[in-house]
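What follows is coords.pdb (PDB, C-alpha atoms).
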```pdb
MODEL        1
ATOM      1  CA  MET A 154      19.199  -0.922  -6.572
ATOM      2  CA  GLN A 155      16.430  -0.518  -9.138
ATOM      3  CA  LYS A 156      14.089   2.338  -8.321
ATOM      4  CA  VAL A 157      10.838   1.217  -6.738
ATOM      5  CA  TYR A 158       8.621   2.924  -9.301
ATOM      6  CA  GLU A 159      10.623   1.420 -12.175
ATOM      7  CA  SER A 160      10.201  -1.978 -10.525
ATOM      8  CA  ILE A 161       6.425  -1.544 -10.272
ATOM      9  CA  LEU A 162       6.209  -0.405 -13.894
ATOM     10  CA  GLY A 163       8.337  -3.367 -14.958
ATOM     11  CA  GLY A 164       5.970  -5.704 -13.165
ATOM     12  CA  VAL A 165       2.983  -4.175 -14.922
ATOM     13  CA  GLU A 166       4.668  -4.521 -18.305
ATOM     14  CA  LYS A 167       5.563  -8.169 -17.655
ATOM     15  CA  LYS A 168       2.213  -8.874 -15.943
ATOM     16  CA  GLN A 169       4.047  -9.818 -12.764
ATOM     17  CA  LYS A 170       2.110  -9.036  -9.602
ATOM     18  CA  LYS A 171       3.957  -7.643  -6.576
ATOM     19  CA  LEU A 172       3.488  -8.064  -2.837
ATOM     20  CA  ALA A 173       4.272  -5.518  -0.131
ATOM     21  CA  LEU A 174       4.390  -6.124   3.615
ATOM     22  CA  LEU A 175       3.185  -3.127   5.638
ATOM     23  CA  ILE A 176       4.887  -2.714   9.004
ATOM     24  CA  ASP A 177       3.573  -0.317  11.625
ATOM     25  CA  PRO A 178       6.642   0.804  13.644
ATOM     26  CA  ASP A 179       4.568   1.056  16.841
ATOM     27  CA  LYS A 180       3.606  -2.618  16.488
ATOM     28  CA  PHE A 181       7.044  -3.820  15.423
ATOM     29  CA  LYS A 182       7.767  -5.886  18.539
ATOM     30  CA  SER A 183       9.016  -9.015  16.796
ATOM     31  CA  THR A 184      10.983  -9.684  13.620
ATOM     32  CA  ILE A 185       9.043 -12.892  12.877
ATOM     33  CA  ALA A 186       6.863 -11.287  10.187
ATOM     34  CA  LEU A 187       9.929  -9.618   8.669
ATOM     35  CA  GLU A 188      11.843 -12.903   8.608
ATOM     36  CA  ASN A 189       8.890 -14.660   6.957
ATOM     37  CA  ALA A 190       8.616 -11.842   4.415
ATOM     38  CA  ILE A 191      12.278 -12.208   3.510
ATOM     39  CA  ASP A 192      11.931 -15.981   3.118
ATOM     40  CA  ALA A 193       8.793 -15.526   0.989
ATOM     41  CA  ASP A 194      10.506 -13.075  -1.394
ATOM     42  CA  VAL A 195       8.148 -10.204  -0.643
ATOM     43  CA  ASP A 196       8.836  -7.456  -3.182
ATOM     44  CA  TYR A 197       8.575  -4.362  -0.978
ATOM     45  CA  ILE A 198       8.361  -3.450   2.672
ATOM     46  CA  PHE A 199       6.124  -0.482   3.450
ATOM     47  CA  VAL A 200       6.679   1.263   6.771
ATOM     48  CA  GLY A 201       4.247   3.677   8.409
ATOM     49  CA  GLY A 202       1.067   4.068  10.390
ATOM     50  CA  SER A 203      -1.810   6.442  10.997
ATOM     51  CA  LEU A 204      -0.455   7.321  14.436
ATOM     52  CA  LEU A 205       3.067   6.746  15.720
ATOM     53  CA  SER A 206       3.157   7.445  19.433
ATOM     54  CA  ARG A 207       6.505   5.940  20.372
ATOM     55  CA  GLY A 208       8.928   7.647  18.006
ATOM     56  CA  SER A 209       9.849   4.199  16.729
ATOM     57  CA  LEU A 210      10.186   4.889  12.988
ATOM     58  CA  GLN A 211      13.951   5.347  12.916
ATOM     59  CA  ASN A 212      14.617   2.199  14.928
ATOM     60  CA  CYS A 213      12.234   0.187  12.729
ATOM     61  CA  VAL A 214      13.877   1.395   9.518
ATOM     62  CA  GLU A 215      17.333   0.633  10.914
ATOM     63  CA  ILE A 216      16.409  -2.936  11.835
ATOM     64  CA  ILE A 217      14.816  -3.622   8.451
ATOM     65  CA  LYS A 218      17.730  -2.160   6.477
ATOM     66  CA  LYS A 219      20.199  -4.330   8.396
ATOM     67  CA  ALA A 220      18.102  -7.458   7.858
ATOM     68  CA  THR A 221      17.337  -7.272   4.137
ATOM     69  CA  SER A 222      17.893  -5.516   0.821
ATOM     70  CA  ILE A 223      14.177  -5.636  -0.016
ATOM     71  CA  PRO A 224      13.222  -2.053  -0.988
ATOM     72  CA  LEU A 225      11.912  -0.114   2.009
ATOM     73  CA  VAL A 226       9.113   2.302   1.130
ATOM     74  CA  LEU A 227       7.790   4.879   3.580
ATOM     75  CA  PHE A 228       3.991   4.928   3.794
ATOM     76  CA  PRO A 229       3.599   8.040   5.943
ATOM     77  CA  GLY A 230       0.569   8.840   8.049
ATOM     78  CA  SER A 231       1.941  12.262   8.983
ATOM     79  CA  THR A 232       4.710  14.724   8.153
ATOM     80  CA  ASP A 233       6.994  13.392  10.888
ATOM     81  CA  GLN A 234       7.156   9.924   9.318
ATOM     82  CA  ILE A 235      10.174  10.642   7.144
ATOM     83  CA  ASP A 236      13.461   8.783   7.440
ATOM     84  CA  PRO A 237      16.235   9.482   4.904
ATOM     85  CA  ASN A 238      17.583   5.947   5.315
ATOM     86  CA  ALA A 239      14.578   4.433   3.539
ATOM     87  CA  ASP A 240      14.691   3.863  -0.217
ATOM     88  CA  SER A 241      11.472   5.516  -1.305
ATOM     89  CA  ILE A 242       8.383   7.322  -0.050
ATOM     90  CA  LEU A 243       4.802   7.306  -1.251
ATOM     91  CA  PHE A 244       3.972  11.035  -1.393
ATOM     92  CA  LEU A 245       0.325  10.505  -0.548
ATOM     93  CA  SER A 246      -2.528  12.773  -1.600
ATOM     94  CA  LEU A 247      -5.774  11.614   0.020
ATOM     95  CA  ILE A 248      -7.862  12.225  -3.085
ATOM     96  CA  SER A 249     -10.920  10.374  -1.773
ATOM     97  CA  GLY A 250     -11.369  12.968   0.963
ATOM     98  CA  ARG A 251     -11.956  16.704   1.040
ATOM     99  CA  ASN A 252      -9.555  17.630   3.832
ATOM    100  CA  PRO A 253      -7.147  20.212   2.337
ATOM    101  CA  ASP A 254      -4.388  19.257   4.782
ATOM    102  CA  ASN A 255      -4.245  15.802   3.226
ATOM    103  CA  LEU A 256      -4.511  17.101  -0.339
ATOM    104  CA  ILE A 257      -1.730  19.718  -0.185
ATOM    105  CA  GLY A 258      -1.261  21.175   3.313
ATOM    106  CA  LYS A 259       0.979  18.491   4.774
ATOM    107  CA  HIS A 260       2.869  18.229   1.504
ATOM    108  CA  VAL A 261       3.943  21.874   1.759
ATOM    109  CA  ILE A 262       5.370  21.160   5.215
ATOM    110  CA  SER A 263       7.209  17.996   4.209
ATOM    111  CA  ALA A 264       8.514  19.168   0.797
ATOM    112  CA  PRO A 265      11.601  21.069   2.081
ATOM    113  CA  ILE A 266      12.453  18.127   4.346
ATOM    114  CA  LEU A 267      12.191  15.623   1.499
ATOM    115  CA  LYS A 268      14.185  17.901  -0.803
ATOM    116  CA  LYS A 269      17.234  17.399   1.419
ATOM    117  CA  THR A 270      17.062  13.605   1.216
ATOM    118  CA  SER A 271      17.887  11.154  -1.550
ATOM    119  CA  LEU A 272      14.552   9.370  -1.172
ATOM    120  CA  GLU A 273      12.763   8.359  -4.347
ATOM    121  CA  ILE A 274       9.510  10.323  -4.162
ATOM    122  CA  ILE A 275       6.468   8.682  -5.748
ATOM    123  CA  PRO A 276       3.328  10.890  -6.015
ATOM    124  CA  THR A 277       0.442   8.610  -5.059
ATOM    125  CA  GLY A 278      -3.319   9.070  -5.166
ATOM    126  CA  TYR A 279      -4.501   7.520  -1.907
ATOM    127  CA  MET A 280      -8.143   6.458  -1.728
ATOM    128  CA  LEU A 281      -9.873   5.166   1.386
ATOM    129  CA  ILE A 282     -12.609   2.626   0.634
ATOM    130  CA  ASP A 283     -15.214   1.538   3.173
ATOM    131  CA  GLY A 284     -14.092  -1.809   4.549
ATOM    132  CA  GLY A 285     -16.953  -2.327   6.972
ATOM    133  CA  ASN A 286     -15.589  -0.464   9.982
ATOM    134  CA  THR A 287     -14.057   2.879  10.944
ATOM    135  CA  THR A 288     -10.308   2.643  10.438
ATOM    136  CA  SER A 289      -7.533   4.664  12.019
ATOM    137  CA  ALA A 290      -6.736   6.247   8.651
ATOM    138  CA  ALA A 291     -10.291   7.549   8.212
ATOM    139  CA  TYR A 292     -10.496   8.808  11.786
ATOM    140  CA  MET A 293      -7.091  10.507  11.838
ATOM    141  CA  SER A 294      -7.562  12.110   8.388
ATOM    142  CA  ASN A 295     -11.054  13.362   9.292
ATOM    143  CA  THR A 296     -12.427  12.093   5.978
ATOM    144  CA  MET A 297     -15.146   9.695   4.883
ATOM    145  CA  PRO A 298     -14.138   6.629   2.880
ATOM    146  CA  ILE A 299     -15.774   6.007  -0.472
ATOM    147  CA  PRO A 300     -18.759   3.633   0.077
ATOM    148  CA  HIS A 301     -17.991   0.099  -1.058
ATOM    149  CA  ASP A 302     -20.841   0.146  -3.591
ATOM    150  CA  LYS A 303     -19.968   3.506  -5.176
ATOM    151  CA  THR A 304     -17.726   2.181  -7.921
ATOM    152  CA  ASP A 305     -18.452   5.161 -10.173
ATOM    153  CA  ILE A 306     -17.107   7.591  -7.555
ATOM    154  CA  ALA A 307     -13.971   5.481  -7.112
ATOM    155  CA  VAL A 308     -13.394   5.336 -10.880
ATOM    156  CA  CYS A 309     -13.818   9.076 -11.397
ATOM    157  CA  THR A 310     -11.598   9.847  -8.412
ATOM    158  CA  ALA A 311      -8.837   7.575  -9.701
ATOM    159  CA  MET A 312      -9.058   9.071 -13.184
ATOM    160  CA  ALA A 313      -8.810  12.575 -11.737
ATOM    161  CA  GLY A 314      -5.736  11.548  -9.759
ATOM    162  CA  GLU A 315      -4.036  10.266 -12.896
ATOM    163  CA  MET A 316      -4.939  13.436 -14.793
ATOM    164  CA  LEU A 317      -3.374  15.497 -12.002
ATOM    165  CA  GLY A 318      -0.090  13.699 -12.665
ATOM    166  CA  LEU A 319      -0.046  11.192  -9.812
ATOM    167  CA  LYS A 320       1.987   8.085 -10.618
ATOM    168  CA  LEU A 321       0.146   5.468  -8.549
ATOM    169  CA  ILE A 322      -3.387   4.878  -7.348
ATOM    170  CA  TYR A 323      -3.746   3.179  -3.970
ATOM    171  CA  LEU A 324      -7.142   1.737  -2.965
ATOM    172  CA  ASP A 325      -7.105   1.015   0.757
ATOM    173  CA  ALA A 326      -9.810  -0.495   2.946
ATOM    174  CA  GLY A 327      -7.576   0.322   5.905
ATOM    175  CA  SER A 328      -5.693  -1.609   8.557
ATOM    176  CA  GLY A 329      -7.922  -4.156  10.262
ATOM    177  CA  ALA A 330     -10.737  -3.722   7.727
ATOM    178  CA  VAL A 331     -13.565  -6.249   7.926
ATOM    179  CA  ASN A 332     -13.744  -6.480   4.118
ATOM    180  CA  HIS A 333     -11.199  -5.856   1.387
ATOM    181  CA  VAL A 334     -11.840  -3.487  -1.514
ATOM    182  CA  PRO A 335     -14.634  -4.962  -3.695
ATOM    183  CA  LEU A 336     -13.392  -6.870  -6.730
ATOM    184  CA  ASN A 337     -15.818  -5.079  -9.023
ATOM    185  CA  MET A 338     -14.435  -1.709  -7.922
ATOM    186  CA  ILE A 339     -10.874  -2.881  -8.526
ATOM    187  CA  ARG A 340     -11.777  -4.091 -12.034
ATOM    188  CA  HIS A 341     -13.422  -0.834 -13.060
ATOM    189  CA  VAL A 342     -10.728   1.393 -11.591
ATOM    190  CA  LYS A 343      -7.990  -0.615 -13.314
ATOM    191  CA  LYS A 344      -9.871  -0.509 -16.609
ATOM    192  CA  ASN A 345     -10.043   3.278 -16.527
ATOM    193  CA  ILE A 346      -6.479   4.229 -15.551
ATOM    194  CA  ASP A 347      -3.114   3.719 -17.193
ATOM    195  CA  ILE A 348      -0.970   3.935 -14.067
ATOM    196  CA  PRO A 349      -0.216   1.112 -11.605
ATOM    197  CA  LEU A 350      -2.836   0.154  -9.019
ATOM    198  CA  ILE A 351      -2.066  -0.769  -5.404
ATOM    199  CA  VAL A 352      -4.706  -2.450  -3.232
ATOM    200  CA  GLY A 353      -4.554  -3.046   0.517
ATOM    201  CA  GLY A 354      -6.647  -3.612   3.613
ATOM    202  CA  GLY A 355      -8.681  -6.624   4.717
ATOM    203  CA  ILE A 356      -6.627  -9.193   2.782
ATOM    204  CA  ARG A 357      -6.433 -12.248   5.029
ATOM    205  CA  ASN A 358      -5.814 -15.291   2.854
ATOM    206  CA  PRO A 359      -4.248 -16.461  -0.426
ATOM    207  CA  GLU A 360      -7.648 -16.712  -2.142
ATOM    208  CA  SER A 361      -8.411 -13.040  -1.540
ATOM    209  CA  ALA A 362      -4.944 -12.028  -2.694
ATOM    210  CA  TYR A 363      -5.285 -14.103  -5.860
ATOM    211  CA  ASN A 364      -8.712 -12.708  -6.696
ATOM    212  CA  ILE A 365      -7.624  -9.114  -6.097
ATOM    213  CA  CYS A 366      -4.663  -9.612  -8.426
ATOM    214  CA  THR A 367      -6.938 -11.152 -11.041
ATOM    215  CA  ALA A 368      -9.300  -8.181 -10.723
ATOM    216  CA  GLY A 369      -6.481  -5.809 -11.666
ATOM    217  CA  ALA A 370      -4.274  -4.934  -8.695
ATOM    218  CA  ASP A 371      -0.602  -4.613  -9.613
ATOM    219  CA  VAL A 372       0.639  -4.507  -6.023
ATOM    220  CA  ILE A 373      -1.046  -6.161  -3.023
ATOM    221  CA  VAL A 374      -0.370  -4.844   0.489
ATOM    222  CA  ILE A 375      -0.798  -6.988   3.598
ATOM    223  CA  GLY A 376      -0.291  -5.873   7.179
ATOM    224  CA  THR A 377      -2.586  -7.044   9.969
ATOM    225  CA  ILE A 378      -2.662 -10.684   8.887
ATOM    226  CA  ALA A 379       1.141 -10.745   8.703
ATOM    227  CA  GLU A 380       1.305  -9.619  12.334
ATOM    228  CA  GLN A 381      -1.294 -12.160  13.473
ATOM    229  CA  SER A 382      -0.209 -15.135  11.327
ATOM    230  CA  PRO A 383       3.307 -14.588   9.936
ATOM    231  CA  ALA A 384       3.354 -18.065   8.377
ATOM    232  CA  LEU A 385       0.589 -16.972   5.966
ATOM    233  CA  ILE A 386       2.956 -14.543   4.258
ATOM    234  CA  ALA A 387       4.525 -17.308   2.146
ATOM    235  CA  GLU A 388       1.125 -18.606   1.036
ATOM    236  CA  ILE A 389      -0.093 -15.141   0.082
ATOM    237  CA  ALA A 390       3.194 -14.407  -1.692
ATOM    238  CA  SER A 391       2.785 -17.603  -3.723
ATOM    239  CA  ALA A 392      -0.761 -16.636  -4.696
ATOM    240  CA  VAL A 393       0.369 -13.178  -5.783
ATOM    241  CA  HIS A 394       3.513 -14.178  -7.660
ATOM    242  CA  GLN A 395       1.891 -17.117  -9.427
ATOM    243  CA  ASN A 396      -1.348 -15.302 -10.173
ATOM    244  CA  SER A 397      -1.636 -16.535 -13.750
ATOM    245  CA  THR A 398      -1.091 -20.207 -12.885
ATOM    246  CA  HIS A 399      -1.981 -20.546  -9.198
ATOM    247  CA  ASN A 400      -4.546 -23.330  -8.731
ATOM    248  CA  ILE A 401      -7.213 -21.429  -6.784
ATOM    249  CA  THR A 402     -10.911 -21.250  -7.518
ATOM    250  CA  ALA A 403     -12.105 -17.653  -7.303
ATOM    251  CA  LYS A 404     -14.728 -17.653  -4.561
ATOM    252  CA  ASP A 405     -14.134 -14.341  -2.798
TER     253      ASP A 405
ENDMDL
END
```

I'd like the structure from this file rewritten - as structure tokens, please.
Amino acid sequence: MQKVYESILGGVEKKQKKLALLIDPDKFKSTIALENAIDADVDYIFVGGSLLSRGSLQNCVEIIKKATSIPLVLFPGSTDQIDPNADSILFLSLISGRNPDNLIGKHVISAPILKKTSLEIIPTGYMLIDGGNTTSAAYMSNTMPIPHDKTDIAVCTAMAGEMLGLKLIYLDAGSGAVNHVPLNMIRHVKKNIDIPLIVGGGIRNPESAYNICTAGADVIVIGTIAEQSPALIAEIASAVHQNSTHNITAKD
């Protein structure tokens, strides 16, 4: 299997946008969204959540690995969200916040565990962006998201992350966000970094997905809408994969 990071880089080089489905193991009660994701040729499956209270990560990973060969990427909300049977893990540094645990503390704890696995480790600059409500990620990390109108702060933070050697920048409005990351912020961040850009949170329809790709996102992440309306996954996947030719008027 091609490494996940190589796949993302290849997409950037070929100007091919990618789509990831985010699955929260605690909410993984039905395989309908997974089945729709497989049918829609979703590029990656991200697994993780801000709070896992049922110890359901291992079971979720096992089910997904049996169902599909789509790369499974851990998107950990804590140090206990590591499963060696996944393909890759986003080694997240919450660079938008000032909580040292999320900048380096938790990484020190998880490093020796990850060292014993064969997981592909991708250092990722994770940035919470205000999506109009308080999300679980912001609450659990004890950090403030970057205000939606502070594009300059987002740009400088992303640039700093790249200069620190991080390989991805992830702008996230959070699960269940009222609004997705502003298009203007996405454009300016993308313009000022040379590493791939992931955008997630608050993406509820093909139009939003298309516009976010056009603004500069290399990978789109959907989660809540896939749980609520699994049939929309195919439409969003079409908008993402056909970004350059998809017949949508940018209104968002």

Going by the chain IDs and residue numbers used in this file, which residues fall under the PyMOL selection byres ((chain A and resi 282) around 6)? Write them as an mmCIF file with C-alpha atoms, keeping the file's coordinate frame.
```cif
data_model
loop_
_atom_site.group_PDB
_atom_site.id
_atom_site.type_symbol
_atom_site.label_atom_id
_atom_site.label_comp_id
_atom_site.auth_asym_id
_atom_site.auth_seq_id
_atom_site.Cartn_x
_atom_site.Cartn_y
_atom_site.Cartn_z
ATOM 1 C CA LEU A 281 -9.873 5.166 1.386
ATOM 2 C CA ASP A 283 -15.214 1.538 3.173
ATOM 3 C CA PRO A 298 -14.138 6.629 2.880
ATOM 4 C CA ILE A 299 -15.774 6.007 -0.472
ATOM 5 C CA ASP A 325 -7.105 1.015 0.757
ATOM 6 C CA ALA A 326 -9.810 -0.495 2.946
#
```

Item to check | Residues in the PyMOL selection byres ((chain A and resi 341-345) around 8), expressed as an MDAnalysis selection string | outcome: chainID A and resid 304 307:308 311:312 337:340 346:347 350 369:370

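Among A:Pro300, A:Ile351, A:Asp305, A:Gly278, the residue with the shortest atom-to-atom distance to Gly318 in chain A, counting all atoms listed in the file, is A:Gly278.
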
What would the list of residues within 9 Å of (18.5, 1.8, -1.6) (file frame) look like as a PDB file with C-alpha atoms, in the frame of the given file, if only C-alpha atoms are what count?
```
ATOM      1  CA  MET A 154      19.199  -0.922  -6.572  1.00  0.00           C
ATOM      2  CA  GLN A 155      16.430  -0.518  -9.138  1.00  0.00           C
ATOM      3  CA  LYS A 156      14.089   2.338  -8.321  1.00  0.00           C
ATOM      4  CA  SER A 222      17.893  -5.516   0.821  1.00  0.00           C
ATOM      5  CA  ILE A 223      14.177  -5.636  -0.016  1.00  0.00           C
ATOM      6  CA  PRO A 224      13.222  -2.053  -0.988  1.00  0.00           C
ATOM      7  CA  LEU A 225      11.912  -0.114   2.009  1.00  0.00           C
ATOM      8  CA  ASN A 238      17.583   5.947   5.315  1.00  0.00           C
ATOM      9  CA  ALA A 239      14.578   4.433   3.539  1.00  0.00           C
ATOM     10  CA  ASP A 240      14.691   3.863  -0.217  1.00  0.00           C
ATOM     11  CA  SER A 241      11.472   5.516  -1.305  1.00  0.00           C
ATOM     12  CA  LEU A 272      14.552   9.370  -1.172  1.00  0.00           C
TER      13      LEU A 272
END
```

Item to check | Test item: which residues lie within 12 Å of (9.6, -6.3, 12.7) counting all atoms listed in the file, as a ChimeraX atom specification | outcome: /A:174-191,198-200,209-210,212-221,376,379-380,383

Writing out the chosen residues with C-alpha atoms as a PDB file, in the coordinates of the input:
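Output file out-v8.pdb is given in full below:
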```
ATOM      1  CA  LEU A 174       4.390  -6.124   3.615  1.00  0.00           C
ATOM      2  CA  LEU A 175       3.185  -3.127   5.638  1.00  0.00           C
ATOM      3  CA  ILE A 176       4.887  -2.714   9.004  1.00  0.00           C
ATOM      4  CA  ASP A 177       3.573  -0.317  11.625  1.00  0.00           C
ATOM      5  CA  PRO A 178       6.642   0.804  13.644  1.00  0.00           C
ATOM      6  CA  ASP A 179       4.568   1.056  16.841  1.00  0.00           C
ATOM      7  CA  LYS A 180       3.606  -2.618  16.488  1.00  0.00           C
ATOM      8  CA  PHE A 181       7.044  -3.820  15.423  1.00  0.00           C
ATOM      9  CA  LYS A 182       7.767  -5.886  18.539  1.00  0.00           C
ATOM     10  CA  SER A 183       9.016  -9.015  16.796  1.00  0.00           C
ATOM     11  CA  THR A 184      10.983  -9.684  13.620  1.00  0.00           C
ATOM     12  CA  ILE A 185       9.043 -12.892  12.877  1.00  0.00           C
ATOM     13  CA  ALA A 186       6.863 -11.287  10.187  1.00  0.00           C
ATOM     14  CA  LEU A 187       9.929  -9.618   8.669  1.00  0.00           C
ATOM     15  CA  GLU A 188      11.843 -12.903   8.608  1.00  0.00           C
ATOM     16  CA  ASN A 189       8.890 -14.660   6.957  1.00  0.00           C
ATOM     17  CA  ALA A 190       8.616 -11.842   4.415  1.00  0.00           C
ATOM     18  CA  ILE A 191      12.278 -12.208   3.510  1.00  0.00           C
ATOM     19  CA  ILE A 198       8.361  -3.450   2.672  1.00  0.00           C
ATOM     20  CA  PHE A 199       6.124  -0.482   3.450  1.00  0.00           C
ATOM     21  CA  VAL A 200       6.679   1.263   6.771  1.00  0.00           C
ATOM     22  CA  SER A 209       9.849   4.199  16.729  1.00  0.00           C
ATOM     23  CA  LEU A 210      10.186   4.889  12.988  1.00  0.00           C
ATOM     24  CA  ASN A 212      14.617   2.199  14.928  1.00  0.00           C
ATOM     25  CA  CYS A 213      12.234   0.187  12.729  1.00  0.00           C
ATOM     26  CA  VAL A 214      13.877   1.395   9.518  1.00  0.00           C
ATOM     27  CA  GLU A 215      17.333   0.633  10.914  1.00  0.00           C
ATOM     28  CA  ILE A 216      16.409  -2.936  11.835  1.00  0.00           C
ATOM     29  CA  ILE A 217      14.816  -3.622   8.451  1.00  0.00           C
ATOM     30  CA  LYS A 218      17.730  -2.160   6.477  1.00  0.00           C
ATOM     31  CA  LYS A 219      20.199  -4.330   8.396  1.00  0.00           C
ATOM     32  CA  ALA A 220      18.102  -7.458   7.858  1.00  0.00           C
ATOM     33  CA  THR A 221      17.337  -7.272   4.137  1.00  0.00           C
ATOM     34  CA  GLY A 376      -0.291  -5.873   7.179  1.00  0.00           C
ATOM     35  CA  ALA A 379       1.141 -10.745   8.703  1.00  0.00           C
ATOM     36  CA  GLU A 380       1.305  -9.619  12.334  1.00  0.00           C
ATOM     37  CA  PRO A 383       3.307 -14.588   9.936  1.00  0.00           C
TER      38      PRO A 383
END
```

Item to check | Residues returned when the PyMOL selection byres ((chain A and resi 363) around 8) runs on this file, as number ranges by chain | outcome: A: 359-362, 364-367, 389, 392-393, 396, 399, 401, 403

Checklist entry - Which one is closest to Leu336 in chain A: A:Ile274, A:Leu243, A:Leu324, A:Gln234? Count only C-alpha atoms. => result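 Among the listed residues, A:Leu324 lies closest to Leu336 in chain A.
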
Checklist outcome for this item: Separating CA of Ala290 in chain A from CA of Ser203 in chain A, to the nearest tenth of an Å, is a gap of 5.5 Å

Checklist entry - Which polymer residues have any atom within 8 Å of an atom of Ala173 in chain A, counting all atoms listed in the file, with same-chain residues fewer than 4 positions away left out, as a PyMOL selection string? => result chain A and resi 195-199+372-375

Item to check | Selection near Asn255 in chain A, 8 Å with all atoms listed in the file, sequence-local residues under 6 positions removed, as number ranges by chain | outcome: A: 245-247, 294

Would you pick out the contacts of Asn332 in chain A at 8 Å or less, using all atoms listed in the file, so that residues sharing its chain but fewer than 6 positions from it are not included, and give the list as a CSV table (one decimal) with C-alpha atoms, in the coordinates of the input?
```csv
chain,number,residue,atom,x,y,z
A,284,GLY,CA,-14.1,-1.8,4.5
A,285,GLY,CA,-17.0,-2.3,7.0
A,326,ALA,CA,-9.8,-0.5,2.9
A,354,GLY,CA,-6.6,-3.6,3.6
A,355,GLY,CA,-8.7,-6.6,4.7
A,356,ILE,CA,-6.6,-9.2,2.8
```

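Nearest-residue note for Val165 in chain A: choosing from A:Leu205, A:Gly353, A:Ser328, A:Leu321, the minimum distance belongs to A:Leu321, counting only C-alpha atoms.
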
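When only C-alpha atoms are used to compute distances to Gln169 in chain A, the closest of the residues A:Ala330, A:Ser391, A:Asp371, A:Lys320 turns out to be A:Asp371.
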
Next on the checklist: Report, in Å to a single decimal, how far apart CA of Asp233 in chain A and CA of His333 in chain A are.
Outcome noted: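 Going from CA of His333 in chain A over to CA of Asp233 in chain A, I get 28.1 Å.
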
Item to check | Pick from A:Ile386, A:Val352, A:Thr277, A:Lys268 nearest to Lys170 in chain A, counting only C-alpha atoms | outcome: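 Of A:Ile386, A:Val352, A:Thr277, A:Lys268, the one nearest Lys170 in chain A is A:Val352, counting only C-alpha atoms.
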
Range 248-257 of chain A, all listed atoms, 5 Å padding on each side: what axis-aligned box centre and edge lengths in Å to one decimal come out, as lines of an AutoDock Vina configuration file?
```
center_x = -6.8
center_y = 15.3
center_z = 0.8
size_x = 20.2
size_y = 19.8
size_z = 17.9
```

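Taking only C-alpha atoms into account, Phe228 in chain A lies nearest to A:Tyr323 out of the set A:Leu162, A:Tyr323, A:Met293, A:Asp192.
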
Checklist entry - Between CA of Thr232 in chain A and CA of Thr270 in chain A, what is the spacing in Å? => result 14.2 Å
